[in-house]
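Peer 1: Supplied structure: input.txt, compact mmCIF, N, CA and C atoms.
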# COMPACT_ATOMS: atom_id res chain seq x y z
N MET A 1 8.58 23.11 -9.45
CA MET A 1 9.79 22.76 -10.16
C MET A 1 10.48 21.59 -9.45
N PRO A 2 11.02 20.68 -10.21
CA PRO A 2 11.71 19.54 -9.60
C PRO A 2 13.07 19.92 -9.02
N ILE A 3 13.50 19.14 -8.05
CA ILE A 3 14.82 19.31 -7.44
C ILE A 3 15.71 18.18 -7.94
N TYR A 4 16.83 18.54 -8.54
CA TYR A 4 17.76 17.57 -9.09
C TYR A 4 19.01 17.51 -8.22
N GLY A 5 19.54 16.31 -8.03
CA GLY A 5 20.76 16.11 -7.28
C GLY A 5 21.94 15.91 -8.22
N TYR A 6 23.08 16.50 -7.88
CA TYR A 6 24.30 16.40 -8.68
C TYR A 6 25.47 16.02 -7.79
N GLN A 7 26.49 15.41 -8.40
CA GLN A 7 27.71 15.07 -7.68
C GLN A 7 28.91 15.35 -8.58
N CYS A 8 29.91 15.97 -7.98
CA CYS A 8 31.16 16.24 -8.68
C CYS A 8 32.00 14.97 -8.65
N GLN A 9 32.46 14.54 -9.81
CA GLN A 9 33.28 13.32 -9.90
C GLN A 9 34.72 13.58 -9.45
N ALA A 10 35.13 14.85 -9.45
CA ALA A 10 36.50 15.19 -9.07
C ALA A 10 36.67 15.24 -7.55
N CYS A 11 35.77 15.97 -6.86
CA CYS A 11 35.94 16.14 -5.40
C CYS A 11 34.89 15.39 -4.58
N GLY A 12 33.83 14.86 -5.20
CA GLY A 12 32.80 14.12 -4.48
C GLY A 12 31.72 14.98 -3.86
N HIS A 13 31.76 16.31 -4.08
CA HIS A 13 30.77 17.22 -3.52
C HIS A 13 29.39 16.93 -4.11
N GLU A 14 28.38 16.81 -3.24
CA GLU A 14 27.00 16.59 -3.67
C GLU A 14 26.19 17.85 -3.40
N PHE A 15 25.34 18.21 -4.35
CA PHE A 15 24.49 19.39 -4.19
C PHE A 15 23.19 19.19 -4.96
N GLU A 16 22.19 20.00 -4.61
CA GLU A 16 20.87 19.94 -5.25
C GLU A 16 20.54 21.28 -5.85
N LEU A 17 19.83 21.25 -6.98
CA LEU A 17 19.38 22.47 -7.64
C LEU A 17 17.90 22.33 -7.97
N MET A 18 17.14 23.39 -7.72
CA MET A 18 15.76 23.44 -8.14
C MET A 18 15.75 24.13 -9.50
N GLN A 19 15.38 23.40 -10.52
CA GLN A 19 15.42 23.97 -11.87
C GLN A 19 14.32 23.38 -12.72
N LYS A 20 14.01 24.08 -13.80
CA LYS A 20 13.01 23.60 -14.74
C LYS A 20 13.56 22.40 -15.49
N MET A 21 12.66 21.62 -16.06
CA MET A 21 13.10 20.42 -16.77
C MET A 21 13.94 20.75 -18.00
N ASN A 22 13.70 21.89 -18.62
CA ASN A 22 14.45 22.23 -19.83
C ASN A 22 15.67 23.10 -19.54
N ASP A 23 15.97 23.41 -18.27
CA ASP A 23 17.19 24.14 -17.91
C ASP A 23 18.40 23.24 -18.13
N PRO A 24 19.53 23.82 -18.54
CA PRO A 24 20.73 23.00 -18.73
C PRO A 24 21.32 22.55 -17.39
N ASP A 25 21.96 21.39 -17.39
CA ASP A 25 22.62 20.89 -16.20
C ASP A 25 23.81 21.78 -15.87
N PRO A 26 24.19 21.90 -14.60
CA PRO A 26 25.36 22.71 -14.26
C PRO A 26 26.62 22.09 -14.88
N SER A 27 27.53 22.93 -15.33
CA SER A 27 28.72 22.43 -16.00
C SER A 27 29.94 22.37 -15.08
N VAL A 28 29.93 23.14 -13.99
CA VAL A 28 31.08 23.14 -13.07
C VAL A 28 30.60 22.93 -11.65
N CYS A 29 31.47 22.36 -10.82
CA CYS A 29 31.18 22.11 -9.41
C CYS A 29 31.28 23.43 -8.64
N PRO A 30 30.28 23.74 -7.80
CA PRO A 30 30.36 24.98 -7.02
C PRO A 30 31.42 24.94 -5.93
N ALA A 31 31.89 23.75 -5.54
CA ALA A 31 32.89 23.63 -4.48
C ALA A 31 34.32 23.74 -5.01
N CYS A 32 34.62 23.00 -6.08
CA CYS A 32 36.00 22.97 -6.57
C CYS A 32 36.19 23.68 -7.91
N GLY A 33 35.09 23.92 -8.65
CA GLY A 33 35.18 24.63 -9.92
C GLY A 33 35.56 23.76 -11.11
N LYS A 34 35.69 22.46 -10.92
CA LYS A 34 36.07 21.57 -12.02
C LYS A 34 34.82 21.16 -12.81
N PRO A 35 34.96 20.96 -14.12
CA PRO A 35 33.81 20.65 -14.98
C PRO A 35 33.48 19.16 -15.06
N ASP A 36 33.35 18.50 -13.93
CA ASP A 36 33.08 17.06 -13.92
C ASP A 36 31.86 16.76 -13.03
N VAL A 37 30.71 17.34 -13.37
CA VAL A 37 29.48 17.21 -12.58
C VAL A 37 28.53 16.24 -13.30
N ARG A 38 27.97 15.31 -12.54
CA ARG A 38 27.00 14.35 -13.10
C ARG A 38 25.73 14.35 -12.28
N LYS A 39 24.63 14.12 -12.97
CA LYS A 39 23.32 14.08 -12.31
C LYS A 39 23.18 12.76 -11.57
N GLN A 40 22.63 12.82 -10.35
CA GLN A 40 22.40 11.61 -9.56
C GLN A 40 20.99 11.09 -9.82
N LEU A 41 20.86 9.80 -9.76
CA LEU A 41 19.55 9.16 -9.89
C LEU A 41 18.99 8.97 -8.49
N SER A 42 17.78 9.46 -8.25
CA SER A 42 17.17 9.32 -6.93
C SER A 42 15.71 8.93 -7.09
N ALA A 43 15.17 8.37 -6.02
CA ALA A 43 13.75 7.98 -6.01
C ALA A 43 12.89 9.22 -5.81
N ALA A 44 11.81 9.26 -6.52
CA ALA A 44 10.88 10.39 -6.38
C ALA A 44 10.08 10.23 -5.10
N GLY A 45 9.92 11.29 -4.36
CA GLY A 45 9.13 11.26 -3.14
C GLY A 45 7.84 12.02 -3.35
N PHE A 46 6.74 11.47 -2.90
CA PHE A 46 5.46 12.16 -3.01
C PHE A 46 4.56 11.72 -1.87
N GLN A 47 3.57 12.53 -1.61
CA GLN A 47 2.58 12.23 -0.58
C GLN A 47 1.20 12.35 -1.19
N LEU A 48 0.32 11.47 -0.75
CA LEU A 48 -1.07 11.53 -1.17
C LEU A 48 -1.83 12.34 -0.13
N LYS A 49 -2.32 13.50 -0.53
CA LYS A 49 -3.02 14.37 0.40
C LYS A 49 -4.43 14.65 -0.11
N GLY A 50 -5.28 15.04 0.80
CA GLY A 50 -6.64 15.42 0.42
C GLY A 50 -7.64 14.33 0.75
N SER A 51 -8.89 14.65 0.56
CA SER A 51 -9.93 13.66 0.86
C SER A 51 -9.92 12.57 -0.20
N GLY A 52 -10.24 11.40 0.21
CA GLY A 52 -10.27 10.27 -0.71
C GLY A 52 -9.06 9.37 -0.61
N TRP A 53 -8.03 9.78 0.08
CA TRP A 53 -6.84 8.95 0.26
C TRP A 53 -6.79 8.46 1.69
N TYR A 54 -6.51 7.22 1.86
CA TYR A 54 -6.45 6.62 3.18
C TYR A 54 -5.05 6.10 3.45
N ALA A 55 -4.73 5.91 4.69
CA ALA A 55 -3.40 5.42 5.07
C ALA A 55 -3.17 4.01 4.55
N THR A 56 -4.22 3.26 4.29
CA THR A 56 -4.06 1.88 3.84
C THR A 56 -4.02 1.75 2.32
N ASP A 57 -4.25 2.83 1.59
CA ASP A 57 -4.23 2.76 0.13
C ASP A 57 -2.83 2.49 -0.36
N PHE A 58 -2.73 1.66 -1.36
CA PHE A 58 -1.48 1.33 -2.03
C PHE A 58 -0.45 0.68 -1.13
N LYS A 59 -0.86 0.04 -0.06
CA LYS A 59 0.06 -0.70 0.78
C LYS A 59 -0.15 -2.18 0.50
N GLY A 60 0.90 -2.95 0.62
CA GLY A 60 0.78 -4.39 0.43
C GLY A 60 0.10 -5.02 1.62
N GLY A 61 -0.27 -6.23 1.48
CA GLY A 61 -0.90 -6.94 2.59
C GLY A 61 -1.98 -7.86 2.09
N ASP A 62 -2.69 -8.42 3.03
CA ASP A 62 -3.76 -9.34 2.67
C ASP A 62 -4.93 -8.57 2.07
N LYS A 63 -5.38 -9.05 0.96
CA LYS A 63 -6.55 -8.46 0.34
C LYS A 63 -7.71 -9.40 0.62
N LYS A 64 -8.70 -8.92 1.34
CA LYS A 64 -9.83 -9.75 1.71
C LYS A 64 -10.80 -9.81 0.55
N THR A 65 -11.32 -11.00 0.32
CA THR A 65 -12.35 -11.16 -0.68
C THR A 65 -13.69 -11.16 0.04
N PRO A 66 -14.70 -10.61 -0.58
CA PRO A 66 -16.01 -10.59 0.09
C PRO A 66 -16.52 -12.00 0.33
N GLU A 67 -17.06 -12.21 1.53
CA GLU A 67 -17.58 -13.54 1.87
C GLU A 67 -18.91 -13.77 1.17
N LYS A 68 -19.13 -15.01 0.77
CA LYS A 68 -20.38 -15.37 0.11
C LYS A 68 -21.45 -15.55 1.18
N LYS A 69 -22.55 -14.86 1.02
CA LYS A 69 -23.64 -14.97 1.98
C LYS A 69 -24.52 -16.16 1.63
N VAL A 70 -24.99 -16.86 2.63
CA VAL A 70 -25.86 -18.02 2.44
C VAL A 70 -27.30 -17.52 2.37
N THR A 71 -27.97 -17.88 1.31
CA THR A 71 -29.37 -17.49 1.17
C THR A 71 -30.26 -18.56 1.79
N ASP A 72 -31.56 -18.28 1.89
CA ASP A 72 -32.50 -19.24 2.46
C ASP A 72 -32.57 -20.52 1.63
N LYS A 73 -32.38 -20.41 0.32
CA LYS A 73 -32.45 -21.58 -0.54
C LYS A 73 -31.26 -22.51 -0.30
N GLU A 74 -30.09 -21.93 0.03
CA GLU A 74 -28.88 -22.73 0.20
C GLU A 74 -28.66 -23.13 1.66
N SER A 75 -29.45 -22.64 2.57
CA SER A 75 -29.26 -22.89 3.99
C SER A 75 -29.48 -24.36 4.32
N PRO A 76 -28.54 -24.99 5.02
CA PRO A 76 -28.71 -26.41 5.35
C PRO A 76 -29.84 -26.64 6.33
N SER A 77 -30.18 -25.69 7.17
CA SER A 77 -31.24 -25.90 8.15
C SER A 77 -32.62 -25.82 7.51
N SER A 78 -32.74 -25.19 6.33
CA SER A 78 -34.05 -25.08 5.71
C SER A 78 -34.43 -26.35 4.95
N LYS A 79 -33.44 -27.24 4.71
CA LYS A 79 -33.75 -28.47 3.98
C LYS A 79 -34.53 -29.45 4.85
N ASP A 80 -34.09 -29.61 6.09
CA ASP A 80 -34.74 -30.56 6.98
C ASP A 80 -34.77 -29.96 8.37
N SER A 81 -35.92 -29.47 8.79
CA SER A 81 -36.02 -28.81 10.08
C SER A 81 -36.08 -29.81 11.23
N SER A 82 -36.25 -31.11 10.95
CA SER A 82 -36.30 -32.10 12.02
C SER A 82 -34.92 -32.64 12.37
N ASP A 83 -33.88 -32.16 11.72
CA ASP A 83 -32.52 -32.61 12.02
C ASP A 83 -32.16 -32.21 13.44
N SER A 84 -31.64 -33.15 14.22
CA SER A 84 -31.32 -32.85 15.61
C SER A 84 -29.85 -32.52 15.79
N GLY A 85 -29.10 -32.28 14.71
CA GLY A 85 -27.69 -31.94 14.79
C GLY A 85 -27.52 -30.50 15.24
N PRO A 86 -26.29 -30.06 15.35
CA PRO A 86 -26.01 -28.71 15.80
C PRO A 86 -26.61 -27.67 14.86
N LYS A 87 -27.21 -26.68 15.42
CA LYS A 87 -27.78 -25.57 14.65
C LYS A 87 -26.65 -24.61 14.31
N SER A 88 -26.85 -23.77 13.31
CA SER A 88 -25.79 -22.84 12.95
C SER A 88 -25.62 -21.83 14.08
N GLY A 89 -24.38 -21.59 14.44
CA GLY A 89 -24.08 -20.67 15.53
C GLY A 89 -24.07 -21.32 16.88
N GLY A 90 -24.42 -22.61 17.01
CA GLY A 90 -24.43 -23.30 18.28
C GLY A 90 -23.03 -23.78 18.65
N CYS A 91 -22.89 -24.24 19.88
CA CYS A 91 -21.58 -24.69 20.33
C CYS A 91 -21.29 -26.11 19.90
N GLY A 92 -22.30 -26.90 19.61
CA GLY A 92 -22.10 -28.27 19.19
C GLY A 92 -22.02 -29.26 20.35
N GLY A 93 -21.98 -28.79 21.57
CA GLY A 93 -21.87 -29.68 22.72
C GLY A 93 -23.13 -29.78 23.53
N GLY A 94 -24.13 -29.00 23.23
CA GLY A 94 -25.38 -29.06 23.95
C GLY A 94 -25.44 -28.17 25.17
N ALA A 95 -24.35 -27.54 25.56
CA ALA A 95 -24.32 -26.73 26.77
C ALA A 95 -25.03 -25.40 26.59
N CYS A 96 -25.11 -24.91 25.38
CA CYS A 96 -25.70 -23.58 25.20
C CYS A 96 -27.19 -23.64 24.91
N GLY A 97 -27.73 -24.79 24.64
CA GLY A 97 -29.14 -24.90 24.32
C GLY A 97 -29.42 -24.67 22.86
N GLY A 98 -28.41 -24.41 22.06
CA GLY A 98 -28.59 -24.19 20.62
C GLY A 98 -28.68 -25.47 19.84
N CYS A 99 -28.36 -26.58 20.46
CA CYS A 99 -28.43 -27.86 19.77
C CYS A 99 -28.95 -28.92 20.74
N ALA A 100 -29.50 -29.98 20.18
CA ALA A 100 -30.04 -31.05 21.02
C ALA A 100 -28.91 -32.01 21.38
N ALA A 101 -28.78 -32.30 22.67
CA ALA A 101 -27.70 -33.19 23.12
C ALA A 101 -28.19 -34.60 23.25
Just give me the structure as structure tokens.
Peer 2:
Amino acid sequence: MPIYGYQCQACGHEFELMQKMNDPDPSVCPACGKPDVRKQLSAAGFQLKGSGWYATDFKGGDKKTPEKKVTDKESPSSKDSSDSGPKSGGCGGGACGGCAA
């Protein structure tokens, strides 16, 4: 059953009631007895529990797109194996031995 919040407009008393959706709203304030009670608007609170829910689900942030993998046909090193430039993954300076200096 949902919990509804109410506030008396006469005395300012706030209270909550657990009631069915089709139950009538309270007509009088339990603190002062005056018939000026209004329902408060509040944000619904809920938790995602159980398997399949992660702490990162439904949170804002960077959404990573899958990286495109380079195939053998698109690889720049497979076009010309005699190229003496830096190999993929090399440092580019010749110190690591991955490229010809």
Peer 1: Do you have the atom C of Glu16 of chain A-atom C of Ile3 of chain A distance handy?
Peer 2: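 For atom C of Glu16 of chain A relative to atom C of Ile3 of chain A, the distance reads 6.1 Å.
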Peer 1: Which value, in Å to one decimal, gives the distance between atom CA of Glu14 of chain A and atom N of Gln47 of chain A?
Peer 2: 23.9 Å
Peer 1: Pick out the closest residue to Tyr4 of chain A from this set: A:Gly33, A:Lys39, A:Ser51, A:Pro24. Count only N, CA and C atoms.
Peer 2: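 Once distances to Tyr4 of chain A are computed over only N, CA and C atoms, the minimum belongs to A:Lys39.
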